Amino acid sequence: MIRLAALLAAVLSLGAAPQPAPVALDALLAEAPAPTLDAYRLFTDQGARAPNAGLTPYALNTPLFSDHSEKSRFLFLPPGTQATYAATGAFAFPVGAALVKTFAYPADLRKPGDQVRFIETRLLIHKPRGWVALTYVWNPEQTQAVLKRAGARLPVAVIDHAGRPLTIDYAVPNTNQCKECHSLSGVLAPIGPKARNLNGDLAYGSRRENQLAHWTRTGLLAGAPDPHAAPRTAVWNDPAEPLADRARAYLDANCGHCHNPEGMASNSGLFLHLEETDPANLGVRRRPVAAGRGSGGLEFDIDPGRPETSILLHRMKSREPGVMMPELGRSLVDEQGVALIADYLRSLPASR
């Protein structure tokens with residue numbers, strides 16, 4: 001009987017499609033990075049469009065503006081492990097965890113899913129010695145992504161939201177630049193996967209579910225409360241949400257990773273992360289420590305009620321090196337973001 005069952009199983013297996021090899025945990029944990037992205041087996045196809053088993057998609061309520069690029073994000077956890085919930089800051093992830101983020105452009109920004117070109121895929125890998133950031137740049141054929149430690153400049157041509165041709169001088173960060181944004185007290189760390197950023201719905205196939213609830217239900221996350229009891233970042237471009245919440249969410253995503261007490265801009269004294277509540281630390285009628293020519297001759301980081309005389313908005317509207325903020329991650333001005341912050345500053349009660 002056992003032989004018959006074994007024979008039947010063997011016959012049935014002849015017609016079964018071979019299962020893809022699992023994510024290469026040994027490659028993720030190796031001391032030396034793989035020269036090409038496919039070595040990690042994070043995706044099952046050559047163009048990295050099909051995530052392997054064990055990868056879970058995620059999205060942030062309000063992401064960083066990166067020259068209109070589209071971003072797809074995935075979390076990989078080694079089998080049998082979990083992330084640990086934290087109400088503030090990024091979750092604690094086990095060794096072997098990987099955060100995978102691909103930057104891409106459609107041919108026409110008005111058609112997000114059409115003729116999409118992958119530009120780069122960034123990995124943040126939790127190795128035994130700590131987190132490591134790696135960047136892989138895609139070839140024109142979209143068949144392979146190659147490790148680039150020194151960064152790169154790539155011209156990207158698209159049709160913008162107004163139907164006009166737009167050329168973007170896209171900057172792939174070098175290793176040191178990755179550390180600038182992902183540094184907390186000098187240590188490389190994740191900045192996106194926080195409770196408040198993930199407390200929103202995402203489509204999983206044909207079903208939508210709150211991400212915190214999904215991660216808990218599928219065993220990825222331990223210790224999370226009901227999403228209604230967890231903090232939540234507002235969606236910056238949802239007009240149904242309060243203006244102040246949307247503006248603070250935008251500043252947190254675009255500025256707060258550096259402008260916080262543990263970030264690279266901690267010595268500025270300007271703290272724009274969402275947990276900050278002191279108006280002075282948020283820049284209200286605060287004179288900058290050392291803005292230099294970045295101040296544009298203006299007096300206060302935020303001049304309440306007067307966006308036109310606020311250094312914060314002046315730097316957001318600039319494309320000039322040494323003046324523009326954020327200084328990394330963009331070459332264009334985010335006109336929608338500028339309009340949002342201008343409305344927010346205008347709404348603040350003037351103090352003089």
# chains A, B, ... in the order shown; residues from 1 in each chain; ligands from 1

call {"tool": "residues_around", "arguments": {"residues": "Phe91 in chain A", "least_positions_apart": "5", "cutoff": "9 Å", "atoms": "only C-alpha atoms", "output": "compact mmCIF listing (two decimals) with all heavy atoms, in the first residue's frame"}}
result
# COMPACT_ATOMS: atom_id res chain seq x y z
N ALA A 83 8.79 40.09 13.51
CA ALA A 83 9.15 41.44 13.93
C ALA A 83 8.42 41.73 15.24
O ALA A 83 7.38 41.13 15.52
CB ALA A 83 8.76 42.45 12.87
N THR A 84 8.96 42.63 16.03
CA THR A 84 8.36 42.99 17.32
C THR A 84 7.82 44.41 17.25
O THR A 84 8.53 45.34 16.87
CB THR A 84 9.39 42.89 18.46
OG1 THR A 84 9.92 41.56 18.49
CG2 THR A 84 8.75 43.20 19.80
N TYR A 85 6.56 44.57 17.62
CA TYR A 85 5.87 45.85 17.56
C TYR A 85 6.49 46.87 18.49
O TYR A 85 6.94 46.55 19.60
CB TYR A 85 4.40 45.65 17.92
CG TYR A 85 3.59 46.94 17.97
CD1 TYR A 85 3.01 47.46 16.82
CD2 TYR A 85 3.41 47.63 19.18
CE1 TYR A 85 2.28 48.64 16.85
CE2 TYR A 85 2.67 48.80 19.22
CZ TYR A 85 2.11 49.29 18.06
OH TYR A 85 1.38 50.46 18.10
N ALA A 86 6.50 48.12 18.05
CA ALA A 86 6.87 49.26 18.89
C ALA A 86 5.92 50.40 18.54
O ALA A 86 5.62 50.62 17.35
CB ALA A 86 8.31 49.68 18.65
N PRO A 190 16.39 50.99 9.92
CA PRO A 190 15.20 51.28 9.11
C PRO A 190 14.50 52.53 9.61
O PRO A 190 14.57 52.86 10.79
CB PRO A 190 14.32 50.03 9.33
CG PRO A 190 15.22 48.99 9.91
CD PRO A 190 16.27 49.73 10.65
N PRO A 193 9.27 51.39 8.23
CA PRO A 193 8.29 50.45 8.80
C PRO A 193 8.02 50.69 10.28
O PRO A 193 8.52 49.98 11.15
CB PRO A 193 8.93 49.08 8.53
CG PRO A 193 10.39 49.35 8.49
CD PRO A 193 10.54 50.72 7.92
N LYS A 194 7.23 51.71 10.54
CA LYS A 194 6.79 52.06 11.88
C LYS A 194 5.29 51.81 11.99
O LYS A 194 4.58 51.80 10.97
CB LYS A 194 7.09 53.53 12.18
CG LYS A 194 8.54 53.91 12.04
CD LYS A 194 8.72 55.43 12.20
CE LYS A 194 10.17 55.82 12.01
NZ LYS A 194 10.37 57.29 12.08
N ALA A 195 4.81 51.68 13.20
CA ALA A 195 3.39 51.42 13.41
C ALA A 195 2.53 52.48 12.73
O ALA A 195 1.58 52.16 12.01
CB ALA A 195 3.09 51.36 14.91
N LEU A 221 4.26 39.78 12.77
CA LEU A 221 4.42 40.81 13.79
C LEU A 221 3.87 40.34 15.12
O LEU A 221 2.75 39.81 15.18
CB LEU A 221 3.69 42.09 13.35
CG LEU A 221 3.79 43.31 14.26
CD1 LEU A 221 5.23 43.78 14.41
CD2 LEU A 221 2.92 44.44 13.72

call {"tool": "closest_residue", "arguments": {"among": "A:Thr56, A:Ser318, A:Asn254, A:Thr216", "to": "Leu77 in chain A", "atoms": "only C-alpha atoms"}}
result
A:Thr56

call {"tool": "closest_residue", "arguments": {"among": "A:Gly256, A:Ala30, A:His161, A:Leu99", "to": "Glu335 in chain A", "atoms": "only C-alpha atoms"}}
result
A:His161

call {"tool": "select_by_dssp", "arguments": {"residues": "range 54-213 of chain A", "states": "alpha helix (DSSP H)", "output": "PyMOL selection string"}}
result
chain A and resi 175-181+195-198+211-213

call {"tool": "write_last_selection", "arguments": {"atoms": "all heavy atoms", "output": "tab-separated table (two decimals), in the first residue's frame"}}
result
chain	number	residue	atom	x	y	z
A	175	THR	N	26.84	54.58	-0.97
A	175	THR	CA	26.71	53.94	0.34
A	175	THR	C	26.65	54.96	1.46
A	175	THR	O	25.85	54.83	2.40
A	175	THR	CB	27.88	52.97	0.57
A	175	THR	OG1	27.87	51.97	-0.46
A	175	THR	CG2	27.76	52.29	1.92
A	176	ASN	N	27.49	56.00	1.39
A	176	ASN	CA	27.50	57.01	2.46
A	176	ASN	C	26.20	57.80	2.50
A	176	ASN	O	25.72	58.18	3.58
A	176	ASN	CB	28.68	57.95	2.29
A	176	ASN	CG	30.01	57.29	2.61
A	176	ASN	OD1	30.06	56.36	3.42
A	176	ASN	ND2	31.07	57.73	1.97
A	177	GLN	N	25.61	58.05	1.34
A	177	GLN	CA	24.34	58.78	1.31
A	177	GLN	C	23.21	57.96	1.91
A	177	GLN	O	22.31	58.51	2.55
A	177	GLN	CB	24.03	59.19	-0.13
A	177	GLN	CG	24.93	60.30	-0.65
A	177	GLN	CD	24.76	60.54	-2.13
A	177	GLN	OE1	24.49	59.63	-2.90
A	177	GLN	NE2	24.92	61.80	-2.54
A	178	CYS	N	23.24	56.66	1.72
A	178	CYS	CA	22.25	55.79	2.38
A	178	CYS	C	22.34	55.96	3.89
A	178	CYS	O	21.32	56.03	4.59
A	178	CYS	CB	22.48	54.33	2.01
A	178	CYS	SG	22.12	53.92	0.28
A	179	LYS	N	23.56	56.03	4.39
A	179	LYS	CA	23.76	56.16	5.83
A	179	LYS	C	23.26	57.51	6.34
A	179	LYS	O	22.81	57.60	7.49
A	179	LYS	CB	25.25	56.00	6.16
A	179	LYS	CG	25.79	54.59	5.92
A	179	LYS	CD	27.28	54.52	6.20
A	179	LYS	CE	27.82	53.12	5.93
A	179	LYS	NZ	29.29	53.05	6.12
A	180	GLU	N	23.33	58.54	5.51
A	180	GLU	CA	22.89	59.87	5.97
A	180	GLU	C	21.41	59.87	6.32
A	180	GLU	O	20.99	60.46	7.31
A	180	GLU	CB	23.19	60.91	4.89
A	180	GLU	CG	24.66	61.26	4.77
A	180	GLU	CD	24.90	62.37	3.78
A	180	GLU	OE1	24.04	63.26	3.67
A	180	GLU	OE2	25.96	62.36	3.12
A	181	CYS	N	20.60	59.23	5.50
A	181	CYS	CA	19.15	59.22	5.75
A	181	CYS	C	18.74	58.16	6.76
A	181	CYS	O	17.77	58.35	7.49
A	181	CYS	CB	18.40	59.00	4.44
A	181	CYS	SG	18.46	60.41	3.32
A	195	ALA	N	4.81	51.68	13.20
A	195	ALA	CA	3.39	51.42	13.41
A	195	ALA	C	2.53	52.48	12.73
A	195	ALA	O	1.58	52.16	12.01
A	195	ALA	CB	3.09	51.36	14.91
A	196	ARG	N	2.85	53.74	12.92
A	196	ARG	CA	2.01	54.81	12.39
A	196	ARG	C	2.05	54.89	10.87
A	196	ARG	O	1.08	55.28	10.23
A	196	ARG	CB	2.38	56.15	13.01
A	196	ARG	CG	3.83	56.56	12.87
A	196	ARG	CD	4.04	57.92	13.56
A	196	ARG	NE	5.43	58.33	13.63
A	196	ARG	CZ	6.11	58.88	12.63
A	196	ARG	NH1	5.52	59.02	11.46
A	196	ARG	NH2	7.35	59.27	12.79
A	197	ASN	N	3.18	54.48	10.26
A	197	ASN	CA	3.27	54.50	8.80
A	197	ASN	C	2.54	53.33	8.15
A	197	ASN	O	2.11	53.41	7.00
A	197	ASN	CB	4.73	54.47	8.36
A	197	ASN	CG	5.46	55.75	8.68
A	197	ASN	OD1	4.84	56.79	8.86
A	197	ASN	ND2	6.78	55.69	8.75
A	198	LEU	N	2.44	52.21	8.88
A	198	LEU	CA	1.81	51.00	8.34
A	198	LEU	C	0.35	50.86	8.75
A	198	LEU	O	-0.31	49.91	8.32
A	198	LEU	CB	2.59	49.77	8.83
A	198	LEU	CG	4.03	49.67	8.35
A	198	LEU	CD1	4.77	48.56	9.10
A	198	LEU	CD2	4.10	49.42	6.85
A	211	GLN	N	-2.66	46.90	7.34
A	211	GLN	CA	-1.35	46.25	7.30
A	211	GLN	C	-0.93	45.70	8.67
A	211	GLN	O	-0.37	44.60	8.75
A	211	GLN	CB	-0.30	47.22	6.78
A	211	GLN	CG	-0.52	47.58	5.32
A	211	GLN	CD	0.56	48.48	4.78
A	211	GLN	OE1	1.52	48.04	4.17
A	211	GLN	NE2	0.40	49.79	5.01
A	212	LEU	N	-1.18	46.45	9.74
A	212	LEU	CA	-0.84	45.95	11.07
A	212	LEU	C	-1.62	44.69	11.37
A	212	LEU	O	-1.08	43.71	11.94
A	212	LEU	CB	-1.11	47.02	12.13
A	212	LEU	CG	-0.28	48.30	12.05
A	212	LEU	CD1	-0.68	49.25	13.17
A	212	LEU	CD2	1.22	47.98	12.12
A	213	ALA	N	-2.90	44.68	11.02
A	213	ALA	CA	-3.73	43.49	11.24
A	213	ALA	C	-3.24	42.33	10.39
A	213	ALA	O	-3.19	41.17	10.86
A	213	ALA	CB	-5.19	43.80	10.93

call {"tool": "residues_around", "arguments": {"residues": "range 306-309 of chain A", "least_positions_apart": "5", "cutoff": "8 Å", "atoms": "only C-alpha atoms", "output": "list in words"}}
result
Leu298, Glu299, Phe300, His314, Ala342, Asp343, Leu345, Arg346 and Ala350 of chain A

call {"tool": "closest_residue", "arguments": {"among": "A:Tyr58, A:Pro18, A:Pro165, A:Arg330", "to": "His214 in chain A", "atoms": "only C-alpha atoms"}}
result
A:Tyr58
